[in-house]
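Below is structure.cif, which holds mmCIF, C-alpha atoms.
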```
data_structure
loop_
_atom_site.label_atom_id
_atom_site.label_comp_id
_atom_site.auth_asym_id
_atom_site.auth_seq_id
_atom_site.Cartn_x
_atom_site.Cartn_y
_atom_site.Cartn_z
CA MET A 1 -58.81 -106.15 -86.17
CA PRO A 2 -56.24 -103.35 -86.26
CA LEU A 3 -56.94 -100.53 -88.68
CA PRO A 4 -53.54 -98.91 -89.35
CA PHE A 5 -55.03 -95.95 -91.20
CA LEU A 6 -56.89 -94.89 -88.04
CA THR A 7 -53.88 -94.85 -85.73
CA ALA A 8 -51.58 -91.94 -85.23
CA ASP A 9 -48.69 -94.14 -84.03
CA ARG A 10 -47.90 -92.44 -80.73
CA ALA A 11 -48.35 -88.94 -82.18
CA ASP A 12 -49.94 -87.86 -78.90
CA ASP A 13 -46.95 -89.12 -76.89
CA ALA A 14 -44.91 -86.00 -76.06
CA GLU A 15 -41.66 -87.92 -75.61
CA ALA A 16 -41.95 -89.64 -78.98
CA ALA A 17 -42.81 -86.36 -80.71
CA ASP A 18 -39.68 -84.77 -79.27
CA ASP A 19 -37.44 -87.63 -80.40
CA LEU A 20 -38.44 -87.85 -84.06
CA ALA A 21 -40.65 -86.10 -86.57
CA LEU A 22 -41.85 -89.58 -87.53
CA PRO A 23 -42.26 -91.39 -84.19
CA HIS A 24 -41.93 -94.99 -85.38
CA ASP A 25 -39.26 -97.46 -86.34
CA ASP A 26 -40.01 -98.06 -90.02
CA ARG A 27 -39.31 -94.69 -91.62
CA ASP A 28 -40.18 -95.86 -95.15
CA ARG A 29 -43.75 -96.72 -94.19
CA TRP A 30 -46.42 -94.12 -95.00
CA ARG A 31 -48.00 -92.75 -91.79
CA ARG A 32 -50.63 -90.14 -91.06
CA PRO A 33 -49.30 -87.94 -88.22
CA TYR A 34 -52.81 -87.29 -86.84
CA ARG A 35 -56.06 -89.13 -86.22
CA PRO A 36 -59.05 -88.73 -88.55
CA GLY A 37 -61.54 -86.24 -87.20
CA PRO A 38 -65.01 -87.01 -85.87
CA TRP A 39 -66.74 -85.50 -88.92
CA ARG A 40 -64.82 -87.79 -91.27
CA VAL A 41 -65.42 -90.87 -89.10
CA ALA A 42 -69.13 -90.05 -88.72
CA ALA A 43 -69.56 -89.63 -92.48
CA ALA A 44 -67.80 -92.94 -93.13
CA ALA A 45 -69.97 -94.65 -90.50
CA LEU A 46 -73.12 -93.35 -92.19
CA TRP A 47 -71.87 -94.63 -95.55
CA LEU A 48 -71.17 -98.04 -94.00
CA LEU A 49 -74.66 -98.05 -92.45
CA LEU A 50 -76.13 -97.35 -95.88
CA ALA A 51 -74.00 -100.17 -97.31
CA SER A 52 -75.43 -102.60 -94.75
CA TYR A 53 -78.97 -101.77 -95.90
CA VAL A 54 -77.97 -102.15 -99.53
CA LEU A 55 -76.32 -105.52 -98.76
CA SER A 56 -79.53 -106.63 -97.04
CA ALA A 57 -81.45 -105.61 -100.14
CA ALA A 58 -79.03 -107.63 -102.27
CA VAL A 59 -79.69 -110.73 -100.17
CA ILE A 60 -83.47 -110.24 -100.41
CA ILE A 61 -83.25 -109.72 -104.16
CA ALA A 62 -81.07 -112.84 -104.50
CA LEU A 63 -83.62 -114.94 -102.58
CA ALA A 64 -86.73 -113.54 -104.26
CA GLY A 65 -85.56 -112.11 -107.56
CA THR A 66 -82.96 -112.58 -110.21
CA ALA A 67 -79.26 -113.18 -109.79
CA ALA A 68 -78.43 -110.29 -112.15
CA GLY A 69 -80.40 -107.83 -110.01
CA ALA A 70 -78.77 -109.11 -106.83
CA ALA A 71 -75.32 -108.83 -108.42
CA ALA A 72 -76.01 -105.21 -109.44
CA VAL A 73 -77.17 -104.24 -105.94
CA PHE A 74 -74.24 -106.13 -104.37
CA GLY A 75 -71.87 -104.21 -106.68
CA ALA A 76 -73.45 -100.93 -105.57
CA ALA A 77 -72.90 -101.94 -101.93
CA LEU A 78 -69.25 -102.69 -102.65
CA LEU A 79 -68.86 -99.24 -104.21
CA ILE A 80 -70.36 -97.63 -101.11
CA VAL A 81 -67.99 -99.58 -98.83
CA ALA A 82 -65.01 -98.64 -101.02
CA GLY A 83 -66.08 -94.97 -100.87
CA ALA A 84 -66.34 -95.08 -97.06
CA LEU A 85 -62.88 -96.62 -96.77
CA ARG A 86 -61.43 -94.05 -99.18
CA LEU A 87 -63.04 -91.30 -97.09
CA LEU A 88 -61.22 -92.62 -94.01
CA ARG A 89 -57.95 -92.81 -95.94
CA MET A 90 -58.04 -89.16 -97.04
CA GLY A 91 -55.49 -86.78 -95.54
CA VAL A 92 -51.77 -86.12 -95.39
CA TRP A 93 -49.35 -89.04 -95.09
CA VAL A 94 -45.60 -88.73 -94.57
CA SER A 95 -42.64 -91.07 -94.80
CA ALA A 96 -38.91 -90.81 -95.38
CA ARG A 97 -39.66 -90.84 -99.12
CA GLY A 98 -41.88 -87.77 -99.17
CA LEU A 99 -45.32 -86.35 -98.49
CA ARG A 100 -48.53 -87.83 -99.85
CA HIS A 101 -51.77 -85.85 -100.07
CA VAL A 102 -54.64 -88.33 -100.43
CA GLY A 103 -57.90 -86.95 -101.80
CA PHE A 104 -61.09 -88.84 -102.57
CA PHE A 105 -60.28 -89.30 -106.24
CA VAL A 106 -56.64 -88.20 -106.58
CA THR A 107 -53.49 -88.96 -104.62
CA ARG A 108 -50.47 -86.70 -105.09
CA THR A 109 -47.03 -87.65 -103.82
CA VAL A 110 -44.27 -85.07 -103.47
CA PRO A 111 -40.75 -86.45 -102.95
CA GLY A 112 -39.00 -84.98 -99.93
CA GLU A 113 -36.36 -83.21 -102.01
CA ARG A 114 -39.06 -81.28 -103.93
CA VAL A 115 -40.62 -79.84 -100.76
CA GLU A 116 -39.44 -76.25 -100.52
CA SER A 117 -41.37 -75.29 -97.39
CA VAL A 118 -44.34 -76.22 -95.22
CA ARG A 119 -45.91 -73.45 -93.17
CA THR A 120 -49.16 -72.43 -91.50
CA VAL A 121 -50.91 -69.36 -92.95
CA GLN A 122 -54.10 -67.42 -92.30
CA GLN A 123 -56.32 -67.48 -95.39
CA PRO A 124 -59.86 -68.17 -96.54
CA VAL A 125 -60.40 -71.95 -96.42
CA ARG A 126 -63.21 -74.18 -97.61
CA TRP A 127 -65.68 -75.27 -94.93
CA LEU A 128 -65.86 -79.13 -94.91
CA GLY A 129 -64.68 -79.16 -98.51
CA LEU A 130 -67.75 -77.28 -99.73
CA PRO A 131 -67.57 -74.20 -101.98
CA ARG A 132 -68.32 -71.88 -99.02
CA THR A 133 -65.14 -70.28 -97.63
CA VAL A 134 -64.48 -68.98 -94.14
CA GLN A 135 -61.43 -67.39 -92.55
CA GLY A 136 -59.13 -69.97 -91.05
CA GLN A 137 -55.67 -71.47 -91.00
CA ALA A 138 -54.15 -73.74 -93.60
CA LEU A 139 -51.00 -75.80 -93.66
CA VAL A 140 -49.49 -74.92 -97.04
CA LEU A 141 -46.89 -76.94 -98.93
CA VAL A 142 -44.71 -74.98 -101.36
CA ARG A 143 -43.17 -77.26 -103.96
CA GLY A 144 -39.81 -76.49 -105.46
CA GLY A 145 -39.23 -76.67 -109.15
CA ARG A 146 -40.63 -74.76 -112.08
CA ALA A 147 -43.74 -73.10 -110.70
CA GLY A 148 -43.13 -73.21 -106.95
CA GLU A 149 -46.87 -73.78 -106.48
CA ALA A 150 -48.51 -73.74 -103.05
CA VAL A 151 -50.99 -76.44 -102.05
CA ALA A 152 -53.17 -76.37 -98.92
CA LEU A 153 -52.67 -79.71 -97.16
CA LEU A 154 -54.71 -79.27 -93.99
CA THR A 155 -57.20 -76.62 -92.90
CA THR A 156 -58.86 -75.75 -89.62
CA HIS A 157 -62.30 -76.21 -91.22
CA SER A 158 -61.76 -79.62 -92.84
CA ALA A 159 -63.53 -82.81 -91.75
CA ASP A 160 -60.52 -83.71 -89.59
CA PHE A 161 -60.10 -80.46 -87.67
CA LEU A 162 -63.45 -78.61 -87.56
CA ALA A 163 -63.78 -77.22 -84.01
CA ARG A 164 -60.49 -78.94 -83.02
CA ALA A 165 -57.88 -76.17 -83.17
CA GLU A 166 -55.46 -78.00 -80.85
CA ALA A 167 -55.54 -81.09 -83.06
CA PHE A 168 -54.82 -78.93 -86.12
CA ASP A 169 -51.86 -77.32 -84.35
CA ARG A 170 -50.42 -80.74 -83.38
CA ALA A 171 -50.86 -82.12 -86.90
CA ALA A 172 -49.38 -78.99 -88.49
CA ASP A 173 -46.40 -79.14 -86.11
CA ALA A 174 -45.83 -82.81 -86.96
CA VAL A 175 -45.87 -82.20 -90.73
CA GLU A 176 -43.67 -79.10 -90.36
CA ALA A 177 -41.21 -81.14 -88.26
CA TRP A 178 -41.20 -83.81 -90.97
CA ALA A 179 -40.42 -81.13 -93.59
CA ALA A 180 -37.62 -79.64 -91.46
CA GLU A 181 -36.11 -83.10 -90.88
CA ASN A 182 -36.36 -83.86 -94.59
CA ARG A 183 -34.56 -80.64 -95.56
CA ARG A 184 -31.71 -81.48 -93.14
CA GLY A 185 -31.38 -85.07 -94.26
#
```

This entry written out as structure tokens:
Amino acid sequence: MPLPFLTADRADDAEAADDLALPHDDRDRWRRPYRPGPWRVAAAALWLLLASYVLSAAVIIALAGTAAGAAAVFGAALLIVAGALRLLRMGVWVSARGLRHVGFFVTRTVPGERVESVRTVQQPVRWLGLPRTVQGQALVLVRGGRAGEAVALLTTHSADFLARAEAFDRAADAVEAWAAENRRG
């Protein structure tokens, strides 16, 4: 079964990356220009493993207990599965319509015409999303408009790029190329 949110759509292909900032035919489709990192995939796999145990418990409760108890445990398992899938979906997505920053609870979409600049900067970044900060690189989006606020999209110490500096550089280059193409077009 293909999982489109796990594919980078030829992002590793050097020829395709040179041709277009978005190396695919359907430019209106939202694409992530990088693969999810091993930390993110491992965390989602652990959540799915937990969901399998909870689903087993729901079946046992349904056979030996009450239907209401089984339904409650089954609902908890569905929440765990939904959380694992949302964890895999997190990241930066681009299309011809703009840039989408998907978080666990909140998704923010910035239309392409509101993107003032996208650049890589050295700054303190959060380690795996925890409150602890370390020195690293961040891909920062500066939005045009009233405030001109800057938002860190990707960092070298996130679940996608921890200990994968080359992958961060490729992803940052792809998003920067998307921003440059969007400013031209």

When the PyMOL selection byres ((chain A and resi 91) around 10) is applied to the file above, which residues end up in the set, as an MDAnalysis selection string? chainID A and resid 32:36 87:90 92:93 100:104 107 153:154 158:160

Next, write the just-selected residues to a file, as a short mmCIF file (atom, residue, chain, number, x, y, z; two decimals), in the coordinates of the input, keeping C-alpha atoms as the atom set.
```cif
data_model
loop_
_atom_site.label_atom_id
_atom_site.label_comp_id
_atom_site.auth_asym_id
_atom_site.auth_seq_id
_atom_site.Cartn_x
_atom_site.Cartn_y
_atom_site.Cartn_z
CA ARG A 32 -50.63 -90.14 -91.06
CA PRO A 33 -49.30 -87.94 -88.22
CA TYR A 34 -52.81 -87.29 -86.84
CA ARG A 35 -56.06 -89.13 -86.22
CA PRO A 36 -59.05 -88.73 -88.55
CA LEU A 87 -63.04 -91.30 -97.09
CA LEU A 88 -61.22 -92.62 -94.01
CA ARG A 89 -57.95 -92.81 -95.94
CA MET A 90 -58.04 -89.16 -97.04
CA VAL A 92 -51.77 -86.12 -95.39
CA TRP A 93 -49.35 -89.04 -95.09
CA ARG A 100 -48.53 -87.83 -99.85
CA HIS A 101 -51.77 -85.85 -100.07
CA VAL A 102 -54.64 -88.33 -100.43
CA GLY A 103 -57.90 -86.95 -101.80
CA PHE A 104 -61.09 -88.84 -102.57
CA THR A 107 -53.49 -88.96 -104.62
CA LEU A 153 -52.67 -79.71 -97.16
CA LEU A 154 -54.71 -79.27 -93.99
CA SER A 158 -61.76 -79.62 -92.84
CA ALA A 159 -63.53 -82.81 -91.75
CA ASP A 160 -60.52 -83.71 -89.59
#
```

Write out as a short mmCIF file (atom, residue, chain, number, x, y, z; two decimals) with C-alpha atoms, keeping the file's coordinate frame which residues come within 12 Å of Val54 in chain A when counting all atoms listed in the file, dropping same-chain ones fewer than 2 positions away.
```
data_model
loop_
_atom_site.label_atom_id
_atom_site.label_comp_id
_atom_site.auth_asym_id
_atom_site.auth_seq_id
_atom_site.Cartn_x
_atom_site.Cartn_y
_atom_site.Cartn_z
CA TRP A 47 -71.87 -94.63 -95.55
CA LEU A 48 -71.17 -98.04 -94.00
CA LEU A 49 -74.66 -98.05 -92.45
CA LEU A 50 -76.13 -97.35 -95.88
CA ALA A 51 -74.00 -100.17 -97.31
CA SER A 52 -75.43 -102.60 -94.75
CA SER A 56 -79.53 -106.63 -97.04
CA ALA A 57 -81.45 -105.61 -100.14
CA ALA A 58 -79.03 -107.63 -102.27
CA VAL A 59 -79.69 -110.73 -100.17
CA ILE A 60 -83.47 -110.24 -100.41
CA ILE A 61 -83.25 -109.72 -104.16
CA ALA A 70 -78.77 -109.11 -106.83
CA ALA A 71 -75.32 -108.83 -108.42
CA ALA A 72 -76.01 -105.21 -109.44
CA VAL A 73 -77.17 -104.24 -105.94
CA PHE A 74 -74.24 -106.13 -104.37
CA GLY A 75 -71.87 -104.21 -106.68
CA ALA A 76 -73.45 -100.93 -105.57
CA ALA A 77 -72.90 -101.94 -101.93
CA LEU A 78 -69.25 -102.69 -102.65
CA LEU A 79 -68.86 -99.24 -104.21
CA ILE A 80 -70.36 -97.63 -101.11
CA VAL A 81 -67.99 -99.58 -98.83
#
```

Polymer residues at most 10 Å from Val134 in chain A, all atoms listed in the file, same-chain spacing of 5 or more positions, as a ChimeraX atom specification: /A:123-127,156-157

Please expand the PyMOL selection byres ((chain A and resi 99) around 12) into the concrete residues it hits in this file, giving the result as a VMD selection string. chain A and resid 22 28 to 33 91 to 98 100 to 102 107 to 118 141 to 143 151 153 175 to 176 178 to 179 182

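The gap separating CA of Thr155 in chain A from CA of Gly136 in chain A is 7.2 Å, in Å to one decimal.
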
Residue nearest Leu162 in chain A among A:Gly65, A:Gly83, A:Pro131, A:Gly37 (counting all atoms listed in the file):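 With all atoms listed in the file as the atom set, the closest residue is A:Gly37.
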
Go ahead and compute the interatomic distance for CA of Val41 in chain A and CA of Arg170 in chain A, in Å to one decimal.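 So the two atoms, CA of Val41 in chain A and CA of Arg170 in chain A, lie 19.0 Å apart.
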
Rounded to one decimal place, report the CA of Ala82 in chain A-CA of Gly69 in chain A distance in Å.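 Taking CA of Ala82 in chain A and CA of Gly69 in chain A, their separation equals 20.1 Å.
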
Looking at only C-alpha atoms, which of A:Val140, A:Ala172, A:Ala68, A:Ala165 is the one that sits closest to Gln122 in chain A?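 For Gln122 in chain A, the nearest of the candidates is A:Val140.
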
Nearest to Arg86 in chain A, chosen from A:Ala152, A:Ala138, A:Val106, A:Ala174, with all atoms listed in the file counted in the distances: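 Of all the options, A:Val106 lies closest to Arg86 in chain A.
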
With all heavy atoms retained, output range 148-160 of chain A as a tab-separated table (two decimals), in the first residue's frame.
```
chain	number	residue	atom	x	y	z
A	148	GLY	N	5.73	40.94	9.68
A	148	GLY	CA	6.96	40.40	9.09
A	148	GLY	C	7.59	39.38	10.02
A	148	GLY	O	8.80	39.35	10.18
A	149	GLU	N	6.78	38.54	10.65
A	149	GLU	CA	7.27	37.61	11.66
A	149	GLU	C	8.07	36.47	11.04
A	149	GLU	O	7.85	36.09	9.90
A	149	GLU	CB	6.11	37.05	12.47
A	149	GLU	CG	5.12	36.26	11.64
A	149	GLU	CD	3.91	35.84	12.43
A	149	GLU	OE1	4.03	34.82	13.13
A	149	GLU	OE2	2.89	36.52	12.33
A	150	ALA	N	9.03	35.96	11.81
A	150	ALA	CA	9.87	34.86	11.36
A	150	ALA	C	9.46	33.59	12.11
A	150	ALA	O	9.24	33.61	13.31
A	150	ALA	CB	11.33	35.17	11.64
A	151	VAL	N	9.35	32.50	11.36
A	151	VAL	CA	8.94	31.22	11.92
A	151	VAL	C	9.98	30.18	11.52
A	151	VAL	O	10.33	30.07	10.35
A	151	VAL	CB	7.56	30.80	11.38
A	151	VAL	CG1	7.15	29.44	11.92
A	151	VAL	CG2	6.52	31.84	11.70
A	152	ALA	N	10.47	29.41	12.49
A	152	ALA	CA	11.41	28.33	12.20
A	152	ALA	C	10.64	27.14	11.65
A	152	ALA	O	9.76	26.60	12.31
A	152	ALA	CB	12.17	27.93	13.45
A	153	LEU	N	10.94	26.75	10.41
A	153	LEU	CA	10.25	25.64	9.77
A	153	LEU	C	10.91	24.31	10.07
A	153	LEU	O	10.26	23.35	10.45
A	153	LEU	CB	10.20	25.86	8.26
A	153	LEU	CG	9.47	27.09	7.77
A	153	LEU	CD1	9.65	27.25	6.27
A	153	LEU	CD2	8.01	27.02	8.14
A	154	LEU	N	12.21	24.25	9.85
A	154	LEU	CA	12.99	23.04	10.05
A	154	LEU	C	14.20	23.38	10.91
A	154	LEU	O	14.73	24.48	10.81
A	154	LEU	CB	13.50	22.49	8.72
A	154	LEU	CG	12.48	22.22	7.62
A	154	LEU	CD1	13.20	21.88	6.33
A	154	LEU	CD2	11.56	21.09	8.02
A	155	THR	N	14.65	22.43	11.72
A	155	THR	CA	15.88	22.64	12.49
A	155	THR	C	16.75	21.39	12.37
A	155	THR	O	16.26	20.30	12.08
A	155	THR	CB	15.59	22.91	13.98
A	155	THR	OG1	15.03	21.73	14.57
A	155	THR	CG2	14.67	24.08	14.16
A	156	THR	N	18.04	21.57	12.64
A	156	THR	CA	18.97	20.45	12.57
A	156	THR	C	18.79	19.47	13.73
A	156	THR	O	19.31	18.37	13.68
A	156	THR	CB	20.42	20.95	12.59
A	156	THR	OG1	20.60	21.80	13.71
A	156	THR	CG2	20.76	21.68	11.31
A	157	HIS	N	18.06	19.86	14.76
A	157	HIS	CA	17.87	19.00	15.93
A	157	HIS	C	16.43	18.57	16.09
A	157	HIS	O	15.98	18.23	17.19
A	157	HIS	CB	18.38	19.71	17.18
A	157	HIS	CG	19.86	19.85	17.21
A	157	HIS	ND1	20.54	20.79	16.47
A	157	HIS	CD2	20.80	19.13	17.84
A	157	HIS	CE1	21.83	20.66	16.68
A	157	HIS	NE2	22.02	19.66	17.51
A	158	SER	N	15.66	18.56	14.99
A	158	SER	CA	14.28	18.08	15.04
A	158	SER	C	14.27	16.56	14.84
A	158	SER	O	15.30	15.94	14.56
A	158	SER	CB	13.44	18.77	13.97
A	158	SER	OG	13.84	18.34	12.69
A	159	ALA	N	13.10	15.96	14.94
A	159	ALA	CA	12.98	14.51	14.80
A	159	ALA	C	13.30	14.05	13.38
A	159	ALA	O	13.61	12.88	13.16
A	159	ALA	CB	11.58	14.06	15.19
A	160	ASP	N	13.25	14.95	12.41
A	160	ASP	CA	13.56	14.58	11.04
A	160	ASP	C	15.04	14.66	10.71
A	160	ASP	O	15.51	13.95	9.83
A	160	ASP	CB	12.79	15.47	10.05
A	160	ASP	CG	11.32	15.17	10.05
A	160	ASP	OD1	10.95	13.99	10.16
A	160	ASP	OD2	10.53	16.12	9.94
```
